[in-house]
Every structure is written in C-alpha cells, then in structure tokens.
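A.B. asks: Pasting target.pdb here (PDB, C-alpha atoms and all ligand atoms):
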ATOM      1  CA  MET A 501      81.071 174.458 127.446
ATOM      2  CA  ILE A 502      82.595 171.581 125.506
ATOM      3  CA  ARG A 503      84.756 172.770 122.625
ATOM      4  CA  LEU A 504      84.954 170.618 119.541
ATOM      5  CA  ILE A 505      88.599 171.353 118.878
ATOM      6  CA  TYR A 506      91.218 172.360 121.411
ATOM      7  CA  HIS A 507      93.628 175.045 120.270
ATOM      8  CA  GLY A 508      96.184 175.893 122.902
ATOM      9  CA  LYS A 509      99.147 174.953 124.996
ATOM     10  CA  THR A 510     100.211 171.554 126.277
ATOM     11  CA  ILE A 511     103.075 170.675 128.588
ATOM     12  CA  VAL A 512     105.542 167.975 127.655
ATOM     13  CA  SER A 513     105.428 165.405 130.455
ATOM     14  CA  TYR A 514     107.414 162.534 128.938
ATOM     15  CA  VAL A 515     109.865 162.095 126.068
ATOM     16  CA  GLU A 516     111.345 158.866 124.789
ATOM     17  CA  THR A 517     113.664 159.040 121.790
ATOM     18  CA  MET A 518     114.993 155.905 120.174
ATOM     19  CA  GLY A 519     117.154 156.442 117.123
ATOM     20  CA  GLN A 520     115.017 158.174 114.541
ATOM     21  CA  TYR A 521     111.793 157.755 116.523
ATOM     22  CA  SER A 522     110.293 159.712 119.406
ATOM     23  CA  ARG A 523     107.319 159.250 121.666
ATOM     24  CA  LEU A 524     106.025 162.325 123.450
ATOM     25  CA  LEU A 525     103.397 162.782 126.108
ATOM     26  CA  LEU A 526     101.586 166.123 126.007
ATOM     27  CA  GLU A 527      99.479 167.274 128.937
ATOM     28  CA  PHE A 528      96.452 169.366 128.039
ATOM     29  CA  PRO A 529      94.171 171.355 130.380
ATOM     30  CA  GLN A 530      91.730 169.364 132.484
ATOM     31  CA  ASP A 531      88.645 170.909 130.868
ATOM     32  CA  VAL A 532      89.441 169.509 127.420
ATOM     33  CA  GLN A 533      89.806 165.958 128.700
ATOM     34  CA  PRO A 534      86.325 164.891 127.444
ATOM     35  CA  LEU A 535      87.285 166.071 123.982
ATOM     36  CA  PHE A 536      90.351 163.863 123.819
ATOM     37  CA  LEU A 537      88.722 160.924 125.571
ATOM     38  CA  ALA A 538      86.070 160.988 122.847
ATOM     39  CA  ALA A 539      88.674 161.085 120.069
ATOM     40  CA  LYS A 540      88.795 158.147 117.714
ATOM     41  CA  ALA A 541      91.901 156.300 116.654
ATOM     42  CA  GLY A 542      92.932 157.707 113.281
ATOM     43  CA  GLN A 543      92.235 161.280 114.340
ATOM     44  CA  TYR A 544      95.248 163.518 114.638
ATOM     45  CA  ILE A 545      96.578 166.674 116.231
ATOM     46  CA  LEU A 546      98.509 169.530 114.643
ATOM     47  CA  VAL A 547     101.628 170.588 116.493
ATOM     48  CA  LYS A 548     103.314 173.946 116.129
ATOM     49  CA  CYS A 549     107.017 173.371 115.590
ATOM     50  CA  GLU A 550     109.190 176.402 116.183
ATOM     51  CA  GLY A 551     110.309 178.197 113.039
ATOM     52  CA  HIS A 552     107.684 176.575 110.822
ATOM     53  CA  LEU A 553     104.579 178.226 109.497
ATOM     54  CA  LEU A 554     102.797 174.941 108.840
ATOM     55  CA  TRP A 555     101.866 172.926 111.873
ATOM     56  CA  ARG A 556     102.845 169.242 111.671
ATOM     57  CA  PRO A 557     100.165 166.518 111.866
ATOM     58  CA  PHE A 558     100.547 163.483 114.146
ATOM     59  CA  SER A 559      98.097 160.685 114.807
ATOM     60  CA  ILE A 560      96.797 160.246 118.302
ATOM     61  CA  ASN A 561      98.842 157.347 119.611
ATOM     62  CA  PHE A 562      97.118 157.050 122.991
ATOM     63  CA  VAL A 563      95.077 159.122 125.420
ATOM     64  CA  GLU A 564      95.679 158.679 129.113
ATOM     65  CA  GLY A 565      93.897 160.914 131.618
ATOM     66  CA  LYS A 566      94.604 164.461 130.513
ATOM     67  CA  ARG A 567      97.537 163.522 128.321
ATOM     68  CA  VAL A 568      97.894 162.555 124.700
ATOM     69  CA  TYR A 569     100.731 160.504 123.274
ATOM     70  CA  ILE A 570     102.226 161.072 119.848
ATOM     71  CA  PHE A 571     104.749 158.718 118.282
ATOM     72  CA  PHE A 572     106.729 159.969 115.338
ATOM     73  CA  GLN A 573     109.643 159.456 113.018
ATOM     74  CA  ILE A 574     112.221 162.240 112.867
ATOM     75  CA  LYS A 575     112.093 163.230 109.211
ATOM     76  CA  GLY A 576     112.996 166.898 108.890
ATOM     77  CA  ALA A 577     113.414 170.097 110.860
ATOM     78  CA  GLY A 578     109.950 170.071 112.476
ATOM     79  CA  THR A 579     110.125 166.574 113.917
ATOM     80  CA  ASP A 580     113.764 167.104 114.870
ATOM     81  CA  TRP A 581     112.751 170.165 116.895
ATOM     82  CA  LEU A 582     109.883 168.256 118.492
ATOM     83  CA  SER A 583     112.088 165.317 119.466
ATOM     84  CA  LYS A 584     114.339 167.716 121.387
ATOM     85  CA  ARG A 585     111.609 168.957 123.707
ATOM     86  CA  VAL A 586     112.174 168.237 127.375
ATOM     87  CA  ILE A 587     109.804 167.683 130.279
ATOM     88  CA  GLY A 588     108.108 170.953 131.222
ATOM     89  CA  ASP A 589     108.367 172.548 127.770
ATOM     90  CA  GLU A 590     105.244 174.130 126.295
ATOM     91  CA  VAL A 591     103.982 172.951 122.920
ATOM     92  CA  GLU A 592     100.999 174.399 121.084
ATOM     93  CA  ILE A 593      98.539 171.973 119.494
ATOM     94  CA  ARG A 594      95.194 171.846 117.673
ATOM     95  CA  GLY A 595      92.941 168.860 117.794
ATOM     96  CA  PRO A 596      91.552 166.286 117.757
ATOM     97  CA  LEU A 597      91.081 166.678 113.996
ATOM     98  CA  GLY A 598      89.825 164.628 111.074
ATOM     99  CA  GLN A 599      87.783 161.468 110.720
ATOM    100  CA  GLY A 600      89.073 158.419 112.541
ATOM    101  CA  PHE A 601      88.565 154.725 111.869
ATOM    102  CA  LYS A 602      84.943 153.676 111.820
ATOM    103  CA  VAL A 603      84.602 150.750 114.144
ATOM    104  CA  LEU A 604      81.593 148.552 113.698
ATOM    105  CA  LEU A 605      79.951 147.266 116.827
ATOM    106  CA  LYS A 606      81.006 143.857 118.064
ATOM    107  CA  GLU A 607      77.836 142.293 116.744
ATOM    108  CA  GLN A 608      78.632 143.450 113.224
ATOM    109  CA  ALA A 609      82.421 143.222 112.870
ATOM    110  CA  GLN A 610      84.205 140.140 113.928
ATOM    111  CA  LEU A 611      87.896 139.806 113.243
ATOM    112  CA  PRO A 612      89.623 143.170 112.905
ATOM    113  CA  ILE A 613      93.022 142.840 111.184
ATOM    114  CA  LEU A 614      95.264 145.855 111.794
ATOM    115  CA  VAL A 615      98.087 146.242 109.265
ATOM    116  CA  ALA A 616     100.815 148.707 110.279
ATOM    117  CA  GLY A 617     103.785 149.657 108.128
ATOM    118  CA  GLY A 618     106.536 151.408 110.112
ATOM    119  CA  ILE A 619     105.247 154.519 111.832
ATOM    120  CA  GLY A 620     101.718 153.495 110.761
ATOM    121  CA  LEU A 621     101.810 151.672 114.083
ATOM    122  CA  ALA A 622     101.152 155.024 115.813
ATOM    123  CA  PRO A 623      97.385 155.219 115.060
ATOM    124  CA  LEU A 624      96.830 151.448 114.929
ATOM    125  CA  TYR A 625      98.254 150.967 118.409
ATOM    126  CA  TYR A 626      95.512 153.276 119.660
ATOM    127  CA  LEU A 627      92.871 151.564 117.547
ATOM    128  CA  ARG A 628      93.847 148.248 119.102
ATOM    129  CA  GLU A 629      93.598 149.729 122.588
ATOM    130  CA  GLN A 630      90.171 151.146 121.759
ATOM    131  CA  LEU A 631      88.972 147.821 120.383
ATOM    132  CA  PHE A 632      90.092 146.147 123.615
ATOM    133  CA  SER A 633      88.406 148.758 125.736
ATOM    134  CA  TRP A 634      85.225 148.122 123.797
ATOM    135  CA  ARG A 635      85.551 144.504 124.931
ATOM    136  CA  TYR A 636      86.866 142.842 121.837
ATOM    137  CA  ASN A 637      88.316 139.478 122.732
ATOM    138  CA  PHE A 638      92.123 139.774 122.909
ATOM    139  CA  GLU A 639      92.756 136.933 120.457
ATOM    140  CA  ARG A 640      90.383 138.382 117.955
ATOM    141  CA  VAL A 641      92.236 141.573 117.144
ATOM    142  CA  ALA A 642      95.142 140.750 114.845
ATOM    143  CA  LEU A 643      97.910 143.340 114.737
ATOM    144  CA  LEU A 644     100.478 142.890 111.973
ATOM    145  CA  ILE A 645     103.491 145.195 112.101
ATOM    146  CA  GLY A 646     106.011 145.519 109.298
ATOM    147  CA  ALA A 647     109.302 147.400 109.319
ATOM    148  CA  GLN A 648     112.588 147.558 107.451
ATOM    149  CA  LYS A 649     114.545 146.300 110.447
ATOM    150  CA  ASP A 650     114.154 145.865 114.189
ATOM    151  CA  CYS A 651     115.230 149.389 115.139
ATOM    152  CA  CYS A 652     112.028 150.609 113.514
ATOM    153  CA  LEU A 653     109.909 148.702 115.995
ATOM    154  CA  VAL A 654     110.757 150.983 118.802
ATOM    155  CA  SER A 655     109.048 151.710 122.069
ATOM    156  CA  LYS A 656     108.995 148.727 124.407
ATOM    157  CA  GLU A 657     105.459 149.560 125.431
ATOM    158  CA  MET A 658     104.420 149.492 121.825
ATOM    159  CA  LEU A 659     105.936 146.111 121.079
ATOM    160  CA  VAL A 660     102.577 144.827 122.061
ATOM    161  CA  SER A 661     102.182 141.193 122.955
ATOM    162  CA  GLY A 662     100.178 139.197 120.512
ATOM    163  CA  ALA A 663     101.333 141.275 117.554
ATOM    164  CA  THR A 664     102.882 139.621 114.514
ATOM    165  CA  LEU A 665     106.128 141.311 113.556
ATOM    166  CA  ALA A 666     107.753 141.215 110.148
ATOM    167  CA  THR A 667     111.072 142.793 109.215
ATOM    168  CA  ASN A 668     112.574 142.949 105.762
ATOM    169  CA  ASP A 669     115.959 141.784 107.087
ATOM    170  CA  GLY A 670     114.512 139.144 109.415
ATOM    171  CA  SER A 671     116.141 140.736 112.479
ATOM    172  CA  VAL A 672     112.871 140.468 114.416
ATOM    173  CA  GLY A 673     109.905 138.216 113.778
ATOM    174  CA  PHE A 674     108.973 136.962 110.345
ATOM    175  CA  CYS A 675     111.531 137.636 107.587
ATOM    176  CA  GLY A 676     109.543 139.350 104.863
ATOM    177  CA  THR A 677     106.894 141.972 104.439
ATOM    178  CA  VAL A 678     103.781 142.695 106.422
ATOM    179  CA  ILE A 679     101.823 141.914 103.253
ATOM    180  CA  GLU A 680     102.960 138.309 103.495
ATOM    181  CA  THR A 681     101.745 138.134 107.099
ATOM    182  CA  LEU A 682      98.429 139.617 105.992
ATOM    183  CA  LEU A 683      97.985 136.886 103.402
ATOM    184  CA  GLU A 684      98.819 134.276 106.049
ATOM    185  CA  ALA A 685      96.259 135.811 108.410
ATOM    186  CA  LEU A 686      93.605 135.723 105.704
ATOM    187  CA  LYS A 687      94.311 132.115 104.766
ATOM    188  CA  GLY A 688      94.635 130.972 108.397
ATOM    189  CA  GLU A 689      91.895 129.541 110.539
ATOM    190  CA  GLU A 690      91.970 132.357 113.059
ATOM    191  CA  GLY A 691      88.589 133.980 113.044
ATOM    192  CA  GLU A 692      87.128 131.283 110.781
ATOM    193  CA  GLY A 693      83.414 131.746 110.540
ATOM    194  CA  PHE A 694      83.678 135.440 111.329
ATOM    195  CA  SER A 695      83.776 138.167 108.758
ATOM    196  CA  LYS A 696      86.978 140.161 108.695
ATOM    197  CA  ILE A 697      87.714 143.844 108.456
ATOM    198  CA  ILE A 698      91.085 145.411 107.693
ATOM    199  CA  TYR A 699      92.412 148.696 109.100
ATOM    200  CA  ALA A 700      95.732 149.863 107.665
ATOM    201  CA  ALA A 701      98.239 152.687 108.047
ATOM    202  CA  GLY A 702     101.721 153.030 106.618
ATOM    203  CA  PRO A 703     103.569 153.777 103.383
ATOM    204  CA  ALA A 704     101.474 154.527 100.286
ATOM    205  CA  LEU A 705     102.623 151.484  98.320
ATOM    206  CA  MET A 706     101.886 149.171 101.219
ATOM    207  CA  LEU A 707      98.396 150.646 101.555
ATOM    208  CA  ARG A 708      97.782 150.164  97.867
ATOM    209  CA  GLU A 709      98.708 146.492  98.145
ATOM    210  CA  VAL A 710      96.539 146.042 101.244
ATOM    211  CA  ALA A 711      93.637 147.656  99.364
ATOM    212  CA  ARG A 712      94.164 145.339  96.386
ATOM    213  CA  ILE A 713      94.176 142.266  98.605
ATOM    214  CA  ALA A 714      91.112 143.447 100.519
ATOM    215  CA  ALA A 715      89.231 143.920  97.236
ATOM    216  CA  GLU A 716      90.322 140.465  96.035
ATOM    217  CA  TRP A 717      89.148 138.862  99.287
ATOM    218  CA  LYS A 718      86.048 141.072  99.368
ATOM    219  CA  ILE A 719      86.915 142.330 102.827
ATOM    220  CA  PRO A 720      86.013 145.856 103.951
ATOM    221  CA  CYS A 721      89.133 147.923 104.432
ATOM    222  CA  GLN A 722      89.844 151.360 105.859
ATOM    223  CA  VAL A 723      93.157 153.116 105.243
ATOM    224  CA  LEU A 724      94.786 156.116 106.882
ATOM    225  CA  LEU A 725      96.263 158.355 104.177
ATOM    226  CA  GLU A 726      98.935 161.010 104.562
ATOM    227  CA  GLU A 727      99.274 164.258 102.650
ATOM    228  CA  ARG A 728     101.045 167.471 103.472
ATOM    229  CA  ILE A 729      98.634 169.404 105.716
ATOM    230  CA  ALA A 730      98.417 173.205 105.594
ATOM    231  CA  CYS A 731      95.318 174.750 107.217
ATOM    232  CA  GLY A 732      94.006 171.502 108.694
ATOM    233  CA  SER A 733      90.496 172.928 108.656
ATOM    234  CA  GLY A 734      89.325 172.121 105.134
ATOM    235  CA  ALA A 735      89.682 175.672 103.847
ATOM    236  CA  CYS A 736      92.743 175.657 101.578
ATOM    237  CA  TYR A 737      92.271 172.423  99.568
ATOM    238  CA  GLY A 738      96.013 171.848  99.818
ATOM    239  CA  CYS A 739      95.631 168.230 100.873
ATOM    240  CA  VAL A 740      93.194 166.806  98.325
ATOM    241  CA  ILE A 741      93.301 163.265  96.988
ATOM    242  CA  LYS A 742      91.329 161.840  94.097
ATOM    243  CA  THR A 743      88.584 159.377  94.989
ATOM    244  CA  ILE A 744      85.786 157.740  93.059
ATOM    245  CA  ASN A 745      83.537 160.324  94.686
ATOM    246  CA  GLY A 746      85.597 163.274  93.485
ATOM    247  CA  TYR A 747      88.384 165.119  95.278
ATOM    248  CA  LYS A 748      88.455 164.803  99.060
ATOM    249  CA  ARG A 749      90.464 166.616 101.695
ATOM    250  CA  VAL A 750      92.705 164.404 103.767
ATOM    251  CA  CYS A 751      92.687 166.857 106.695
ATOM    252  CA  CYS A 752      88.945 166.826 107.315
ATOM    253  CA  ASP A 753      87.219 164.265 105.038
ATOM    254  CA  GLY A 754      89.970 161.848 106.135
ATOM    255  CA  PRO A 755      92.657 160.946 106.968
ATOM    256  CA  VAL A 756      90.786 157.624 107.135
ATOM    257  CA  PHE A 757      89.044 156.520 103.941
ATOM    258  CA  ASN A 758      87.437 153.371 102.648
ATOM    259  CA  ALA A 759      90.141 151.718 100.561
ATOM    260  CA  GLU A 760      87.788 151.107  97.658
ATOM    261  CA  GLU A 761      87.081 154.801  97.155
ATOM    262  CA  VAL A 762      90.719 155.873  96.764
ATOM    263  CA  ASP A 763      92.231 156.426  93.301
ATOM    264  CA  TRP A 764      95.363 154.401  94.034
ATOM    265  CA  ASN A 765      97.135 155.276  90.765
ATOM    266  CA  GLU A 766      97.027 158.934  91.606
ATOM    267  CA  TYR A 767      97.730 158.484  95.316
ATOM    268  CA  THR A 768     100.867 156.421  94.684
ATOM    269  CA  GLU A 769     102.076 158.289  91.612
ATOM    270  CA  PHE A 770     105.160 159.732  93.322
ATOM    271  CA  ALA A 771     105.523 157.122  96.073
ATOM    272  CA  CYS A 772     108.641 155.047  96.393
TER
HETATM  273  C1  LIG B 801      97.005 162.771 109.210
HETATM  274  C2  LIG B 801      98.489 162.550 109.383
HETATM  275  C3  LIG B 801      98.947 161.861 110.491
HETATM  276  C4  LIG B 801     100.323 161.654 110.653
HETATM  277  N1  LIG B 801     100.721 160.952 111.743
HETATM  278  C5  LIG B 801     102.044 160.738 111.929
HETATM  279  C6  LIG B 801     102.493 160.015 113.071
HETATM  280  O1  LIG B 801     101.710 159.599 113.930
HETATM  281  N2  LIG B 801     103.833 159.826 113.190
HETATM  282  C7  LIG B 801     104.737 160.273 112.241
HETATM  283  O2  LIG B 801     105.939 160.044 112.380
HETATM  284  N3  LIG B 801     104.323 160.971 111.176
HETATM  285  C8  LIG B 801     103.016 161.213 111.000
HETATM  286  N4  LIG B 801     102.611 161.941 109.907
HETATM  287  C9  LIG B 801     103.640 162.500 109.019
HETATM  288  C10 LIG B 801     104.274 163.718 109.702
HETATM  289  O3  LIG B 801     103.297 164.726 109.819
HETATM  290  C11 LIG B 801     105.471 164.240 108.889
HETATM  291  O4  LIG B 801     106.480 163.272 108.914
HETATM  292  C12 LIG B 801     105.989 165.519 109.514
HETATM  293  O5  LIG B 801     105.059 166.557 109.312
HETATM  294  C13 LIG B 801     107.321 165.897 108.889
HETATM  295  O6  LIG B 801     107.682 167.179 109.373
HETATM  296  P1  LIG B 801     109.204 167.655 109.357
HETATM  297  O7  LIG B 801     109.220 169.119 109.541
HETATM  298  O8  LIG B 801     110.029 166.859 110.307
HETATM  299  O9  LIG B 801     109.697 167.235 107.936
HETATM  300  P2  LIG B 801     109.687 168.101 106.609
HETATM  301  O10 LIG B 801     110.955 168.865 106.560
HETATM  302  O11 LIG B 801     108.395 168.820 106.438
HETATM  303  O12 LIG B 801     109.739 166.912 105.568
HETATM  304  C14 LIG B 801     110.774 165.919 105.643
HETATM  305  C15 LIG B 801     110.400 164.773 104.743
HETATM  306  O13 LIG B 801     109.156 164.168 105.189
HETATM  307  C16 LIG B 801     108.196 164.170 104.136
HETATM  308  N5  LIG B 801     106.875 164.493 104.686
HETATM  309  C17 LIG B 801     106.545 165.626 105.354
HETATM  310  N6  LIG B 801     105.236 165.610 105.683
HETATM  311  C18 LIG B 801     104.742 164.453 105.217
HETATM  312  C19 LIG B 801     103.455 163.875 105.217
HETATM  313  N7  LIG B 801     102.389 164.476 105.752
HETATM  314  N8  LIG B 801     103.317 162.668 104.656
HETATM  315  C20 LIG B 801     104.352 162.060 104.103
HETATM  316  N9  LIG B 801     105.595 162.554 104.043
HETATM  317  C21 LIG B 801     105.794 163.737 104.594
HETATM  318  C22 LIG B 801     108.654 165.260 103.190
HETATM  319  O14 LIG B 801     108.210 165.014 101.872
HETATM  320  C23 LIG B 801     110.159 165.184 103.287
HETATM  321  O15 LIG B 801     110.694 164.169 102.469
HETATM  322  C24 LIG B 801     101.245 162.155 109.709
HETATM  323  C25 LIG B 801     100.778 162.868 108.598
HETATM  324  C26 LIG B 801      99.423 163.060 108.427
HETATM  325  C27 LIG B 801      98.927 163.790 107.236
HETATM  326  S1  LIG B 802      95.094 171.273 104.669
HETATM  327 FE1  LIG B 802      93.824 172.898 104.022
HETATM  328  S2  LIG B 802      92.109 171.838 103.197
HETATM  329 FE2  LIG B 802      93.339 170.259 104.036
END
Could you write out this structure as structure tokens?
Ligand SMILES: Cc1cc2nc3c(=O)[nH]c(=O)nc-3n(C[C@H](O)[C@H](O)[C@H](O)COP(=O)(O)OP(=O)(O)OC[C@H]3O[C@@H](n4cnc5c(N)ncnc54)[C@H](O)[C@@H]3O)c2cc1C
Ligand code: FES

C.D. replies:
Amino acid sequence: MIRLIYHGKTIVSYVETMGQYSRLLLEFPQDVQPLFLAAKAGQYILVKCEGHLLWRPFSINFVEGKRVYIFFQIKGAGTDWLSKRVIGDEVEIRGPLGQGFKVLLKEQAQLPILVAGGIGLAPLYYLREQLFSWRYNFERVALLIGAQKDCCLVSKEMLVSGATLATNDGSVGFCGTVIETLLEALKGEEGEGFSKIIYAAGPALMLREVARIAAEWKIPCQVLLEERIACGSGACYGCVIKTINGYKRVCCDGPVFNAEEVDWNEYTEFAC
C-alpha cells in the first residue's frame, strides 16, 4: 500500500557542514521510495530535533534513490542539534508535506527564472534538477542566487554551473543583489520570444520585491513562504498568512503560493 505521508525513522548517511550551513542525507525505508520520488520541489519534510516539541520544517533539496537531502542554515538549537548528527544516527521525519511549485508543461512554460536568496537555494536547486529531468533545455532554466557573501554559497555540488551568483560584498560573482540580476535577466535577450515564469524562495523582503517586479512585468510568479510550523497537518492554524483569498495555511495550502495572491504588507510586517 502506498502511504501518502511517511512518518518514521531515517538513517543519516551523509553530513556536510560548512560554517553555518549543513547538508544532510537521510535514508528512508525502501517501500516509501515512490512517495519521495513523486515529491515536488517546494515540498518539505518535518524533522524531529531532540528536546523540541515542534518538529522543524526543511525543503526537499534533492531525492536520490531512497535518500532525501536537506540543506539548512544553523539558526537555533534545533538546527544546531541536527547539524551535529553523524553517519548512522537515526532521525525521525514526516513528509513529503505541503504544495510544491507548479510546473507548467514544456509546451506552456518557456523560460523558468529561479530566484534564490540565501538558503532559498535549497528548494530551487531541486526545482532546477526536476526541470532538467523533465527535459528542459539546460540554457533555458535561469538560476539566480543571491547571498550576503561567498561563505553563504556553500556546498560545492550546489554551486551549480550555469547559475548567476550575486553577493552583496562582491566576493563571488556579481557585486549587488539578486534583484539586480533578475532585472538584467528580464531585460536580456535570453529566452526572447518565450514567455517567462519566475519561481522564488528566500527572505521575505526579497520575495516581496520579486513579486512586485513580476507584477510590473506581468510575469507569473510562484513564491515559497516560510512561517513557524506547529502541527504541519493543517489542524492548528498556527501558520496562517493573509491572502486575497482569505487566510491560508503555509503548512498545507503552501508553502508555495502565487505571488499575486499574497498580502505582502502583512507578510513582511516584521521582516528585516
Ligand atoms: C516550509 C519551510 C521550509 C523550510 N526550508 C528550510 C530549508 O530548506 N533550509 C533552512 O535552512 N531552513 C528552512 N526553513 C526554516 C527552518 O525551518 C528554520 O530555520 C528552523 O526551523 C529553525 O529551527 P531552530 O530550532 O534551529 O531555530 P529556532 O530556535 O526555532 O529559531 C532560531 C531563529 O530562526 C527563526 N526561525 C525559526 N523558524 C523559522 C521559520 N520557519 N521561518 C523563518 N524564521 C524562522 C526564529 O525566528 C529565530 O530567530 C523552512 C521553513 C519552512 C516553513
Ligand atoms: S502548522 Fe498547524 S495549521 Fe499549519
């Protein structure tokens, strides 16, 4: 029987920690492989971190055989604990959860532009891989990655060729913000004659700016939003955001939303 959500143990089979970032490979049982192989980029898993009642959400960063990658920034006690796991440790997870990015078929969508701010690269890396596996032409998936400085652009594997990098201090790639590279990509000739679609993940203020630009250029745009997740099943309403269609739950109605439906004033009210 195929379960819709796996809830159980995984085994840590790889850990890579670089400064304040970690990439972890979690091996799940063979019989849930179809579940994870069918997962969409933008979906996430909840991870039980020792000593914490609330499980921590992480985007699916890649699925390989019977293993799922997560890529995360060490922010507080939960992620600190997780980054200290070693090969062979057991970690309990739930997932895949939520609604991922909606990818239009090749005939309909033409030039996908992926805009990642910092750790927003985690889900967009997987989206890019999925677009490639669905036979998108390599040149026609633009990946723009922005970070404060080069140490934020971590895993070697994830410094994907063909990506445009921007750092605020100019230490790697373009000196400036990812928003500037987005504007360049929109004005450029790449993908001329094709309609464009933007997928974005990253800090709230960056997403708001991406959404504004997408509306100005009349380009469809999907954004991955973050809220504190409690139940993760839609029951507690602890993760709601305001949209033009009323309140929606990030954990199950999202985390991916159409940019135009989000109430950006409310979403960014406490963002810095
Ligand atoms: C759907 C979804 C997918 C996510 N995917 C990733 C991912 O792939 N990689 C990654 O690094 N992080 C991701 N996050 C954020 C990640 O879940 C939090 O950073 C993590 O839960 C922090 O746990 P902690 O115990 O280390 O920190 P805590 O002690 O809980 O918090 C430390 C700091 O992080 C902030 N924080 C905690 N949770 C969130 C959150 N959900 N959103 C924004 N700020 C938060 C707190 O306000 C506080 O300032 C995702 C969040 C969501 C909702
Ligand atoms: S976390 Fe409970 S409804 Fe979203």

A.B. asks: Env of Arg523 (chain A): 6 Å cut, atoms = all atoms listed in the file, seq-sep filter 3 positions within chain, self excluded. Answer as a count of residues only.

C.D. replies: 4

A.B. asks: I would like the residues chosen by the PyMOL selection byres (((not hetatm)) within 9 of (chain B and resi 801)) on the shown file; could you give them as a PyMOL selection string?

C.D. replies: chain A and resi 521-522+542-547+549+552+554-561+570-582+597-598+618-623+703-704+724-729+739+750-751+754-756

A.B. asks: Tell me, as a PyMOL selection string, which residues lie within 12 Å of Ile511 (chain A), counting all atoms listed in the file; anything in the same chain fewer than 6 positions away does not count.

C.D. replies: chain A and resi 524-529+566-569+585-593

A.B. asks: Write the selection just made, keeping C-alpha atoms, as a PDB file, in the frame of the given file?

C.D. replies:
ATOM      1  CA  LEU A 524     106.025 162.325 123.450  1.00  0.00           C
ATOM      2  CA  LEU A 525     103.397 162.782 126.108  1.00  0.00           C
ATOM      3  CA  LEU A 526     101.586 166.123 126.007  1.00  0.00           C
ATOM      4  CA  GLU A 527      99.479 167.274 128.937  1.00  0.00           C
ATOM      5  CA  PHE A 528      96.452 169.366 128.039  1.00  0.00           C
ATOM      6  CA  PRO A 529      94.171 171.355 130.380  1.00  0.00           C
ATOM      7  CA  LYS A 566      94.604 164.461 130.513  1.00  0.00           C
ATOM      8  CA  ARG A 567      97.537 163.522 128.321  1.00  0.00           C
ATOM      9  CA  VAL A 568      97.894 162.555 124.700  1.00  0.00           C
ATOM     10  CA  TYR A 569     100.731 160.504 123.274  1.00  0.00           C
ATOM     11  CA  ARG A 585     111.609 168.957 123.707  1.00  0.00           C
ATOM     12  CA  VAL A 586     112.174 168.237 127.375  1.00  0.00           C
ATOM     13  CA  ILE A 587     109.804 167.683 130.279  1.00  0.00           C
ATOM     14  CA  GLY A 588     108.108 170.953 131.222  1.00  0.00           C
ATOM     15  CA  ASP A 589     108.367 172.548 127.770  1.00  0.00           C
ATOM     16  CA  GLU A 590     105.244 174.130 126.295  1.00  0.00           C
ATOM     17  CA  VAL A 591     103.982 172.951 122.920  1.00  0.00           C
ATOM     18  CA  GLU A 592     100.999 174.399 121.084  1.00  0.00           C
ATOM     19  CA  ILE A 593      98.539 171.973 119.494  1.00  0.00           C
TER      20      ILE A 593
END

A.B. asks: I need the residue nearest Lys718 (chain A) from this list: A:Ile741, A:Ala759, A:Ile679, A:Leu604. Use all atoms listed in the file for the distance.

C.D. replies: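 Using all atoms listed in the file, the shortest distance to Lys718 (chain A) belongs to A:Ala759.
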
A.B. asks: Return as a PyMOL selection string every polymer residue, whether protein, DNA or RNA, with at least one atom no more than 7 Å from an atom of ligand LIG 802 (chain B); count all atoms listed in the file.

C.D. replies: chain A and resi 729-740+749-752

A.B. asks: In Å, how far is it from CA of Cys721 (chain A) to CA of Tyr699 (chain A)?

C.D. replies: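 Computing it gives 5.8 Å between the two atoms.
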
A.B. asks: Taking into account all atoms listed in the file, which residue in the set A:Gly508, A:Ile744, A:Gly702, A:Gly565 is nearest to Glu766 (chain A)?

C.D. replies: A:Ile744

A.B. asks: Could you tell me which residues the PyMOL selection byres (((chain A and resi 685) around 12) and not hetatm) grabs in this file, written as an MDAnalysis selection string?

C.D. replies: chainID A and resid 611:615 640:644 663:664 678:684 686:692 696:698 713 717

A.B. asks: Pick the closest to Lys602 (chain A) from A:Arg708, A:Lys540, A:Lys742, A:Lys548: which is it, counting only C-alpha atoms?

C.D. replies: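 Distance minimum relative to Lys602 (chain A) lands on A:Lys540.
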
A.B. asks: Could you work out how far CA of Gly595 (chain A) lies from CA of Leu504 (chain A), giving the answer in Å with one decimal?

C.D. replies: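 Computing it gives 8.4 Å between the two atoms.
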
A.B. asks: Could you state the separation of CA of Arg628 (chain A) and CA of Phe757 (chain A) in Å, given to one decimal place?

C.D. replies: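 So the answer is 17.9 Å.
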
A.B. asks: Restricting the calculation to all atoms listed in the file: of A:Ala771, A:Ala700, A:Leu627, A:Ala714, which residue gets closest to Ile645 (chain A)?

C.D. replies: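 Of all the options, A:Ala700 lies closest to Ile645 (chain A).
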
A.B. asks: Could you spell out the hits of the PyMOL selection byres (((chain A and resi 672) around 10) and not hetatm) on the shown file, as JSON, numbers by chain?

C.D. replies: {"A": [646, 647, 648, 649, 650, 651, 653, 665, 666, 667, 668, 669, 670, 671, 673, 674, 675]}

A.B. asks: What would the list of residues within 9 Å of (89.4, 153.7, 120.9) (file frame) look like as a VMD selection string, if all atoms listed in the file are what count?

C.D. replies: chain A and resid 537 to 541 562 603 626 to 634

A.B. asks: Taking (86.0, 171.4, 119.6) in the coordinates of the supplied file, I want to know which residues reach to within 9 Å of it, counting only C-alpha atoms; could you give the answer as a list in words?

C.D. replies: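 Collected hits near the coordinates: Ile502, Arg503, Leu504, Ile505, Tyr506, His507, Val532, Leu535, Gly595, Pro596 and Leu597 of chain A.
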
A.B. asks: Give me region 597-605 of chain A with N, CA and C atoms filled in, as a short mmCIF file (atom, residue, chain, number, x, y, z; two decimals), keeping the file's coordinate frame.

C.D. replies:
data_model
loop_
_atom_site.label_atom_id
_atom_site.label_comp_id
_atom_site.auth_asym_id
_atom_site.auth_seq_id
_atom_site.Cartn_x
_atom_site.Cartn_y
_atom_site.Cartn_z
N LEU A 597 91.55 166.29 115.33
CA LEU A 597 91.08 166.68 114.00
C LEU A 597 90.83 165.44 113.12
N GLY A 598 90.01 165.66 112.09
CA GLY A 598 89.82 164.63 111.07
C GLY A 598 88.84 163.53 111.47
N GLN A 599 88.69 162.61 110.53
CA GLN A 599 87.78 161.47 110.72
C GLN A 599 88.62 160.24 111.03
N GLY A 600 88.31 159.60 112.14
CA GLY A 600 89.07 158.42 112.54
C GLY A 600 88.53 157.15 111.91
N PHE A 601 89.05 156.02 112.36
CA PHE A 601 88.56 154.72 111.87
C PHE A 601 87.13 154.52 112.35
N LYS A 602 86.32 153.97 111.44
CA LYS A 602 84.94 153.68 111.82
C LYS A 602 84.89 152.24 112.30
N VAL A 603 84.62 152.09 113.57
CA VAL A 603 84.60 150.75 114.14
C VAL A 603 83.17 150.28 114.23
N LEU A 604 82.94 149.10 113.64
CA LEU A 604 81.59 148.55 113.70
C LEU A 604 81.42 147.92 115.07
N LEU A 605 80.20 147.86 115.52
CA LEU A 605 79.95 147.27 116.83
C LEU A 605 80.29 145.79 116.79
#
